[in-house]
Every structure is written in C-alpha cells, then in structure tokens.
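Novice: My structure is stored as run_19.cif, with mmCIF, C-alpha atoms.
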data_final
#
loop_
_atom_site.group_PDB
_atom_site.id
_atom_site.type_symbol
_atom_site.label_atom_id
_atom_site.label_comp_id
_atom_site.auth_asym_id
_atom_site.auth_seq_id
_atom_site.Cartn_x
_atom_site.Cartn_y
_atom_site.Cartn_z
ATOM 1 C CA MET A 1 19.806 -35.132 -44.605
ATOM 2 C CA ALA A 2 19.859 -31.620 -43.131
ATOM 3 C CA GLY A 3 16.662 -30.663 -41.350
ATOM 4 C CA SER A 4 15.444 -34.252 -41.005
ATOM 5 C CA LYS A 5 15.810 -34.190 -37.208
ATOM 6 C CA ARG A 6 13.611 -31.941 -35.109
ATOM 7 C CA MET A 7 15.745 -29.705 -32.868
ATOM 8 C CA SER A 8 14.896 -28.269 -29.464
ATOM 9 C CA ALA A 9 15.317 -24.528 -28.861
ATOM 10 C CA GLU A 10 18.565 -25.110 -26.958
ATOM 11 C CA GLU A 11 19.949 -27.319 -29.741
ATOM 12 C CA LYS A 12 19.175 -24.565 -32.244
ATOM 13 C CA ARG A 13 21.013 -22.037 -30.094
ATOM 14 C CA GLN A 14 24.080 -24.267 -29.821
ATOM 15 C CA THR A 15 24.056 -24.944 -33.571
ATOM 16 C CA ILE A 16 24.031 -21.235 -34.417
ATOM 17 C CA LEU A 17 26.743 -20.528 -31.836
ATOM 18 C CA LYS A 18 28.942 -23.243 -33.395
ATOM 19 C CA ILE A 19 28.644 -21.448 -36.731
ATOM 20 C CA TYR A 20 29.943 -18.230 -35.159
ATOM 21 C CA HIS A 21 32.650 -19.893 -33.069
ATOM 22 C CA GLY A 22 33.800 -22.248 -35.814
ATOM 23 C CA SER A 23 34.369 -19.581 -38.422
ATOM 24 C CA LYS A 24 35.054 -16.553 -36.208
ATOM 25 C CA GLU A 25 33.547 -14.447 -38.976
ATOM 26 C CA VAL A 26 31.099 -11.528 -39.064
ATOM 27 C CA TYR A 27 27.780 -12.236 -40.775
ATOM 28 C CA THR A 28 24.750 -10.357 -41.973
ATOM 29 C CA GLU A 29 21.334 -11.603 -40.969
ATOM 30 C CA LYS A 30 20.788 -13.109 -44.416
ATOM 31 C CA GLU A 31 24.092 -14.980 -44.242
ATOM 32 C CA ILE A 32 23.490 -16.451 -40.785
ATOM 33 C CA VAL A 33 19.992 -17.573 -41.847
ATOM 34 C CA ALA A 34 21.463 -19.378 -44.865
ATOM 35 C CA LEU A 35 24.230 -21.066 -42.835
ATOM 36 C CA ALA A 36 21.880 -22.097 -39.997
ATOM 37 C CA THR A 37 19.355 -23.509 -42.452
ATOM 38 C CA LYS A 38 22.122 -25.550 -44.055
ATOM 39 C CA ALA A 39 23.100 -26.797 -40.545
ATOM 40 C CA GLY A 40 19.558 -28.124 -40.014
ATOM 41 C CA VAL A 41 17.836 -25.298 -38.120
ATOM 42 C CA ASN A 42 14.262 -24.511 -39.174
ATOM 43 C CA GLY A 43 14.467 -21.362 -41.277
ATOM 44 C CA ASN A 44 11.340 -19.838 -39.688
ATOM 45 C CA THR A 45 12.950 -19.825 -36.234
ATOM 46 C CA ILE A 46 16.511 -18.704 -37.022
ATOM 47 C CA ILE A 47 15.917 -14.942 -36.680
ATOM 48 C CA ASP A 48 14.172 -15.365 -33.288
ATOM 49 C CA ILE A 49 16.894 -17.715 -32.015
ATOM 50 C CA ASN A 50 19.626 -15.334 -33.179
ATOM 51 C CA THR A 51 17.838 -12.420 -31.455
ATOM 52 C CA SER A 52 17.634 -14.419 -28.199
ATOM 53 C CA LEU A 53 21.399 -15.037 -28.378
ATOM 54 C CA CYS A 54 21.940 -11.282 -28.732
ATOM 55 C CA ASP A 55 19.621 -10.626 -25.791
ATOM 56 C CA ASP A 56 21.676 -13.066 -23.682
ATOM 57 C CA SER A 57 24.906 -11.292 -24.758
ATOM 58 C CA LEU A 58 26.202 -14.457 -26.421
ATOM 59 C CA VAL A 59 26.199 -12.820 -29.850
ATOM 60 C CA ASP A 60 27.284 -9.245 -30.604
ATOM 61 C CA LYS A 61 25.331 -7.054 -32.985
ATOM 62 C CA GLU A 62 26.247 -3.824 -34.766
ATOM 63 C CA LYS A 63 24.226 -1.797 -37.247
ATOM 64 C CA ILE A 64 26.354 -0.426 -40.096
ATOM 65 C CA GLY A 65 24.520 1.519 -42.749
ATOM 66 C CA GLY A 66 21.281 -0.277 -43.486
ATOM 67 C CA SER A 67 22.424 -3.730 -42.393
ATOM 68 C CA ASN A 68 22.913 -5.532 -39.089
ATOM 69 C CA TYR A 69 26.132 -7.497 -38.563
ATOM 70 C CA TYR A 70 26.516 -10.355 -36.070
ATOM 71 C CA TRP A 71 29.529 -12.120 -34.587
ATOM 72 C CA SER A 72 30.526 -14.197 -31.586
ATOM 73 C CA PHE A 73 33.871 -15.599 -30.421
ATOM 74 C CA PRO A 74 34.431 -18.578 -28.089
ATOM 75 C CA SER A 75 36.183 -16.373 -25.533
ATOM 76 C CA LYS A 76 33.023 -14.263 -25.100
ATOM 77 C CA LYS A 77 31.121 -17.139 -23.505
ATOM 78 C CA ASP A 78 34.043 -17.850 -21.186
ATOM 79 C CA ARG A 79 34.241 -14.181 -20.204
ATOM 80 C CA LEU A 80 30.498 -14.063 -19.480
ATOM 81 C CA SER A 81 30.822 -17.174 -17.320
ATOM 82 C CA GLN A 82 33.698 -15.557 -15.451
ATOM 83 C CA LEU A 83 31.705 -12.362 -14.848
ATOM 84 C CA GLN A 84 28.736 -14.389 -13.644
ATOM 85 C CA HIS A 85 30.997 -16.367 -11.326
ATOM 86 C CA GLU A 86 32.466 -13.162 -9.860
ATOM 87 C CA SER A 87 28.961 -11.720 -9.387
ATOM 88 C CA THR A 88 27.869 -14.910 -7.596
ATOM 89 C CA LEU A 89 30.899 -14.724 -5.285
ATOM 90 C CA ARG A 90 30.037 -11.089 -4.412
ATOM 91 C CA ASN A 91 26.446 -12.063 -3.636
ATOM 92 C CA ILE A 92 27.650 -14.916 -1.421
ATOM 93 C CA GLN A 93 29.945 -12.541 0.462
ATOM 94 C CA HIS A 94 27.139 -10.011 0.894
ATOM 95 C CA LEU A 95 24.699 -12.652 2.165
ATOM 96 C CA THR A 96 27.356 -14.099 4.476
ATOM 97 C CA THR A 97 27.889 -10.652 6.025
ATOM 98 C CA LYS A 98 24.128 -10.161 6.482
ATOM 99 C CA LEU A 99 23.826 -13.619 8.055
ATOM 100 C CA GLN A 100 26.605 -12.823 10.523
ATOM 101 C CA GLU A 101 24.947 -9.514 11.442
ATOM 102 C CA ALA A 102 21.560 -11.202 11.915
ATOM 103 C CA THR A 103 23.149 -13.922 14.057
ATOM 104 C CA ALA A 104 24.797 -11.277 16.258
ATOM 105 C CA LYS A 105 21.501 -9.382 16.651
ATOM 106 C CA LEU A 106 19.704 -12.603 17.555
ATOM 107 C CA ALA A 107 22.311 -13.372 20.217
ATOM 108 C CA ASP A 108 21.897 -9.852 21.665
ATOM 109 C CA ALA A 109 18.119 -10.224 21.684
ATOM 110 C CA LYS A 110 18.329 -13.550 23.520
ATOM 111 C CA ARG A 111 20.729 -12.198 26.119
ATOM 112 C CA GLY A 112 18.920 -11.805 29.448
ATOM 113 C CA ARG A 113 15.960 -13.891 28.291
ATOM 114 C CA GLU A 114 17.423 -17.267 29.111
ATOM 115 C CA ASP A 115 15.369 -19.462 31.452
ATOM 116 C CA ASP A 116 16.995 -19.656 34.880
ATOM 117 C CA GLU A 117 16.478 -22.182 37.639
ATOM 118 C CA SER A 118 13.808 -20.085 39.355
ATOM 119 C CA ASN A 119 11.942 -19.699 36.036
ATOM 120 C CA GLU A 120 11.664 -15.965 36.782
ATOM 121 C CA ARG A 121 11.120 -14.886 33.196
ATOM 122 C CA ALA A 122 8.244 -17.320 32.687
ATOM 123 C CA LYS A 123 6.595 -15.960 35.839
ATOM 124 C CA LYS A 124 6.958 -12.380 34.612
ATOM 125 C CA MET A 125 5.491 -13.248 31.216
ATOM 126 C CA SER A 126 2.548 -14.949 32.929
ATOM 127 C CA ARG A 127 1.999 -11.870 35.104
ATOM 128 C CA ARG A 128 2.166 -9.681 32.021
ATOM 129 C CA SER A 129 -0.612 -11.718 30.368
ATOM 130 C CA GLU A 130 -2.767 -11.368 33.492
ATOM 131 C CA LEU A 131 -2.263 -7.602 33.588
ATOM 132 C CA SER A 132 -3.100 -7.321 29.891
ATOM 133 C CA ALA A 133 -6.372 -9.176 30.470
ATOM 134 C CA LEU A 134 -7.195 -6.892 33.427
ATOM 135 C CA LYS A 135 -6.484 -3.838 31.288
ATOM 136 C CA ILE A 136 -8.871 -5.029 28.585
ATOM 137 C CA LYS A 137 -11.585 -5.669 31.173
ATOM 138 C CA ALA A 138 -11.054 -2.258 32.789
ATOM 139 C CA THR A 139 -11.225 -0.554 29.393
ATOM 140 C CA GLU A 140 -14.544 -2.280 28.637
ATOM 141 C CA GLU A 141 -15.966 -1.173 31.989
ATOM 142 C CA LEU A 142 -14.771 2.396 31.394
ATOM 143 C CA ASN A 143 -16.476 2.489 27.997
ATOM 144 C CA ALA A 144 -19.684 1.190 29.587
ATOM 145 C CA LEU A 145 -19.551 3.888 32.282
ATOM 146 C CA LYS A 146 -18.976 6.610 29.695
ATOM 147 C CA ARG A 147 -22.541 6.090 28.493
ATOM 148 C CA ASN A 148 -23.733 7.519 31.831
ATOM 149 C CA ASP A 149 -21.078 10.198 32.032
ATOM 150 C CA PRO A 150 -22.617 13.494 33.311
ATOM 151 C CA GLN A 151 -20.830 15.502 30.643
ATOM 152 C CA ALA A 152 -22.045 13.177 27.892
ATOM 153 C CA ILE A 153 -25.609 13.443 29.207
ATOM 154 C CA ALA A 154 -25.300 17.242 29.371
ATOM 155 C CA ASP A 155 -24.138 17.284 25.764
ATOM 156 C CA LEU A 156 -27.110 15.154 24.731
ATOM 157 C CA GLU A 157 -29.511 17.443 26.559
ATOM 158 C CA LYS A 158 -27.998 20.428 24.772
ATOM 159 C CA GLU A 159 -28.412 18.598 21.473
ATOM 160 C CA LEU A 160 -32.016 17.816 22.294
ATOM 161 C CA GLU A 161 -32.690 21.468 23.043
ATOM 162 C CA LEU A 162 -31.266 22.457 19.665
ATOM 163 C CA VAL A 163 -33.359 19.790 17.953
ATOM 164 C CA LYS A 164 -36.485 20.958 19.765
ATOM 165 C CA ASN A 165 -35.941 24.578 18.783
ATOM 166 C CA ALA A 166 -35.284 23.583 15.178
ATOM 167 C CA ALA A 167 -38.427 21.407 15.112
ATOM 168 C CA ASN A 168 -40.548 24.226 16.516
ATOM 169 C CA ARG A 169 -39.094 26.728 14.073
ATOM 170 C CA TRP A 170 -39.702 24.628 11.003
ATOM 171 C CA THR A 171 -43.117 23.547 12.191
ATOM 172 C CA ASP A 172 -44.118 27.196 12.527
ATOM 173 C CA ASN A 173 -42.638 27.927 9.101
ATOM 174 C CA ILE A 174 -44.626 25.125 7.475
ATOM 175 C CA PHE A 175 -47.874 26.275 9.071
ATOM 176 C CA ALA A 176 -47.108 29.861 8.065
ATOM 177 C CA CYS A 177 -46.641 28.716 4.452
ATOM 178 C CA LYS A 178 -49.877 26.745 4.624
ATOM 179 C CA ASP A 179 -51.853 29.720 5.987
ATOM 180 C CA TYR A 180 -50.355 32.054 3.359
ATOM 181 C CA LEU A 181 -51.252 29.764 0.453
ATOM 182 C CA VAL A 182 -54.764 29.042 1.731
ATOM 183 C CA LYS A 183 -55.773 32.466 3.062
ATOM 184 C CA LYS A 184 -53.782 34.837 0.847
ATOM 185 C CA ARG A 185 -53.599 32.870 -2.386
ATOM 186 C CA GLY A 186 -56.913 31.085 -2.132
ATOM 187 C CA MET A 187 -55.486 27.619 -2.699
ATOM 188 C CA ASP A 188 -57.363 24.507 -1.654
ATOM 189 C CA LYS A 189 -56.307 23.235 1.784
ATOM 190 C CA LYS A 190 -55.793 19.626 0.668
ATOM 191 C CA GLU A 191 -53.798 20.686 -2.397
ATOM 192 C CA THR A 192 -51.651 22.946 -0.229
ATOM 193 C CA MET A 193 -50.913 20.149 2.222
ATOM 194 C CA LYS A 194 -50.010 17.877 -0.693
ATOM 195 C CA ILE A 195 -47.545 20.451 -2.034
ATOM 196 C CA LEU A 196 -45.988 20.902 1.415
ATOM 197 C CA GLY A 197 -45.781 17.127 1.879
ATOM 198 C CA ILE A 198 -47.833 17.034 5.107
ATOM 199 C CA THR A 199 -50.998 15.275 6.248
ATOM 200 C CA ASP A 200 -53.703 15.877 8.821
ATOM 201 C CA ALA A 201 -51.552 14.001 11.351
ATOM 202 C CA PHE A 202 -48.675 16.470 10.940
ATOM 203 C CA ASP A 203 -49.670 18.657 13.880
ATOM 204 C CA CYS A 204 -50.084 15.581 16.109
ATOM 205 C CA GLU A 205 -46.667 14.272 15.110
ATOM 206 C CA CYS A 206 -45.051 17.600 15.926
ATOM 207 C CA HIS A 207 -46.802 17.642 19.295
ATOM 208 C CA CYS A 208 -45.495 14.143 20.038
ATOM 209 C CA CYS A 209 -41.948 15.227 19.228
ATOM 210 C CA ARG A 210 -42.265 18.164 21.617
ATOM 211 C CA LEU A 211 -43.480 15.852 24.396
ATOM 212 C CA VAL A 212 -40.623 13.459 23.800
ATOM 213 C CA VAL A 213 -38.051 16.246 24.077
ATOM 214 C CA ARG A 214 -39.669 17.586 27.239
ATOM 215 C CA PHE A 215 -39.825 14.151 28.912
ATOM 216 C CA SER A 216 -36.233 13.372 27.939
ATOM 217 C CA SER A 217 -35.002 16.223 30.097
ATOM 218 C CA GLN A 218 -36.746 14.606 33.064
ATOM 219 C CA TYR A 219 -36.197 10.885 32.474
ATOM 220 C CA GLY A 220 -32.993 10.704 30.432
ATOM 221 C CA TYR A 221 -31.973 10.090 26.861
ATOM 222 C CA SER A 222 -32.779 6.346 26.784
ATOM 223 C CA HIS A 223 -36.373 7.083 27.858
ATOM 224 C CA CYS A 224 -36.493 9.709 25.145
ATOM 225 C CA ILE A 225 -35.895 7.127 22.412
ATOM 226 C CA PHE A 226 -38.503 4.782 23.885
ATOM 227 C CA LEU A 227 -41.126 7.545 24.174
ATOM 228 C CA PHE A 228 -40.433 8.665 20.619
ATOM 229 C CA PHE A 229 -41.405 5.282 19.165
ATOM 230 C CA VAL A 230 -44.436 5.008 21.444
ATOM 231 C CA PHE A 231 -45.805 8.411 20.407
ATOM 232 C CA CYS A 232 -45.128 7.757 16.733
ATOM 233 C CA TYR A 233 -47.056 4.466 16.991
ATOM 234 C CA VAL A 234 -50.005 6.166 18.709
ATOM 235 C CA ALA A 235 -49.992 9.059 16.219
ATOM 236 C CA HIS A 236 -50.340 6.682 13.299
#
What is this file in structure tokens?
Specialist:
Amino acid sequence: MAGSKRMSAEEKRQTILKIYHGSKEVYTEKEIVALATKAGVNGNTIIDINTSLCDDSLVDKEKIGGSNYYWSFPSKKDRLSQLQHESTLRNIQHLTTKLQEATAKLADAKRGREDDESNERAKKMSRRSELSALKIKATEELNALKRNDPQAIADLEKELELVKNAANRWTDNIFACKDYLVKKRGMDKKETMKILGITDAFDCECHCCRLVVRFSSQYGYSHCIFLFFVFCYVAH
C-alpha cells in the first residue's frame, strides 16, 4: 500500500524526480503534491523536497500568472553532471599549475642551502645564533645604562623643578584662600580647612616635598623617591 514504507529524504527526492522524468510533463505545485503522495511520499514534506530540488537545479520552476509551474527532464541531470565534471577538471588544472609553481619556488629557495662536506652552512647558522644572543645581551645592557644617562637625569631634574614650582604655587594659593576666608569673611578656621580639604599637617607635608626636591638635585632621582616616602612617614 502506498505510504506504508517510511522513506529517507534522498528516496523522496528520487521518487519525485522519477515523476518528472517519467512523464516529461509540466506540473503545478498542487499536481506534483498529488502525484508524489500517490507514489508514497509523505504529503507534509513534498513541497520542501520539491523546493530543495529546485535549489539544486534538478527541477526548473517558472511563475506564470498566479501559479508556479515545475518540470525536469532526464537530460538536465546529465548536463549538470557534465558541467560539474568540467568544473572539477578546471580546478584540477589550476591546482596542478599552482603545485608546479610552488615546487619550482621551493627548489629555488633550497638552492645554495645544501649541506656540503665542510658543513659550512651549519657553521654559519650556529654563528648567527651566537651573534643574535650577543645582540640581545647588549641591548639589555644598553637599556640598563640608559637609566643613568646624563640627558635622562637632566630631563628628570628639569621635571622636578617644574613640579617644585607648581607645588609652591598651589601651596601659596591654598594658604591665600584660607587667609581670605578666615580674615576677610570671618569663617571658622577648622571649617575653612575642611572646605579646602587640608589638615594641620598640610604645611608640614608641603615642607617635606620641598626638602625632597632640593635633596634630589644633590643626591639623584632614586634618592628623591626614597626621601619622599621617609618624609611622608615622619609627617604622619
């Protein structure tokens, strides 16, 4: 009985194609659904299977008016196979040409690099590795020496001078604001300091920063960092 055997997707495709190829007729969607159902294909899958055959160019489709018409002839499958075969042959030829070119380039690259009896190339490669290691070591030493470069130190001293001047300027500005608010506006001293975000230790901290900058010009930048932390610890 039709429909008693469960078909795979490929079996459904072949069954529908046999309908087209056997009759060599043009069908509407409704007609091909009826014929495929009669041939044992599940009616719920016929439209999807027929669409997949169109997508694979095994079935032709044309919209005329408000209806879609479908057809397929046995020669179409043969022609598609022939076109695929010709495309495969062109790809093989293209890949063969590329392989030949790559082989020729490889031969050129190997020329002059063959190992001789004196093993000269191996010696040169070993020497190259040694020189590369020496270069890395020399670069590391150069970077270490740059930390004590006179120009770098001079630049740091110039930076420190700018920082010192900026610290003095803003310290004076803060104290000027404090004096104005306390003496001219009659504000409470503690409230003023709270608004300005400073404490009683502010003047001591500023003095420590000035000492650090002054000592750094005498003892170097590294001593400057050390003295900064020492003075900050003592100030607190």
Novice: So what do you get for atom CA of Lys110 of chain A versus atom CA of His94 of chain A, distance-wise?
Specialist: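 Taking atom CA of Lys110 of chain A and atom CA of His94 of chain A, their separation equals 24.5 Å.
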Novice: Kindly indicate which residue among A:Ile64, A:Ala102, A:Ile16, A:Ile174 lies nearest to Gly43 of chain A, using only C-alpha atoms for the distances.
Specialist: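 Of all the options, A:Ile16 lies closest to Gly43 of chain A.
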Novice: Can you pull out the residues contacting His21 of chain A? Cut-off 9 Å, using all atoms listed in the file, and skip same-chain residues under 3 positions away; I want them as a ChimeraX atom specification.
Specialist: /A:16-18,24-25,71-74
Novice: Show which residues sit within 7 Å of Leu58 of chain A, as a ChimeraX atom specification. Count only C-alpha atoms, and ignore same-chain residues fewer than 5 positions away.
Specialist: /A:53,72,76-77
Novice: Kindly give the distance, in Å, that separates atom CA of Ile32 of chain A and atom CA of Asn50 of chain A, rounded to a single decimal.
Specialist: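 Atom-to-atom, atom CA of Ile32 of chain A to atom CA of Asn50 of chain A, that is 8.6 Å.
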Novice: Out of A:Gln84, A:Thr28, A:Thr15, A:Thr192, which residue has the shortest atom-to-atom distance to Asn42 of chain A when counting all atoms listed in the file?
Specialist: A:Thr15
Novice: Can you list, as a ChimeraX atom specification, every protein, DNA or RNA residue that comes within 12 Å of Asn44 of chain A when you count all atoms listed in the file, leaving out same-chain residues fewer than 5 positions away?
Specialist: /A:12,33-34,36-37,49-50
Novice: Using Å and a single decimal, report how far atom CA of Tyr27 of chain A sits from atom CA of Lys61 of chain A.
Specialist: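 Taking atom CA of Lys61 of chain A and atom CA of Tyr27 of chain A, their separation equals 9.7 Å.
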Novice: Would you please work out which residue, of A:Ala122, A:Met7, A:Val59, A:Leu142, is nearest to Ala39 of chain A when using only C-alpha atoms?
Specialist: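 Looking at the shortest contact to Ala39 of chain A, the residue is A:Met7.
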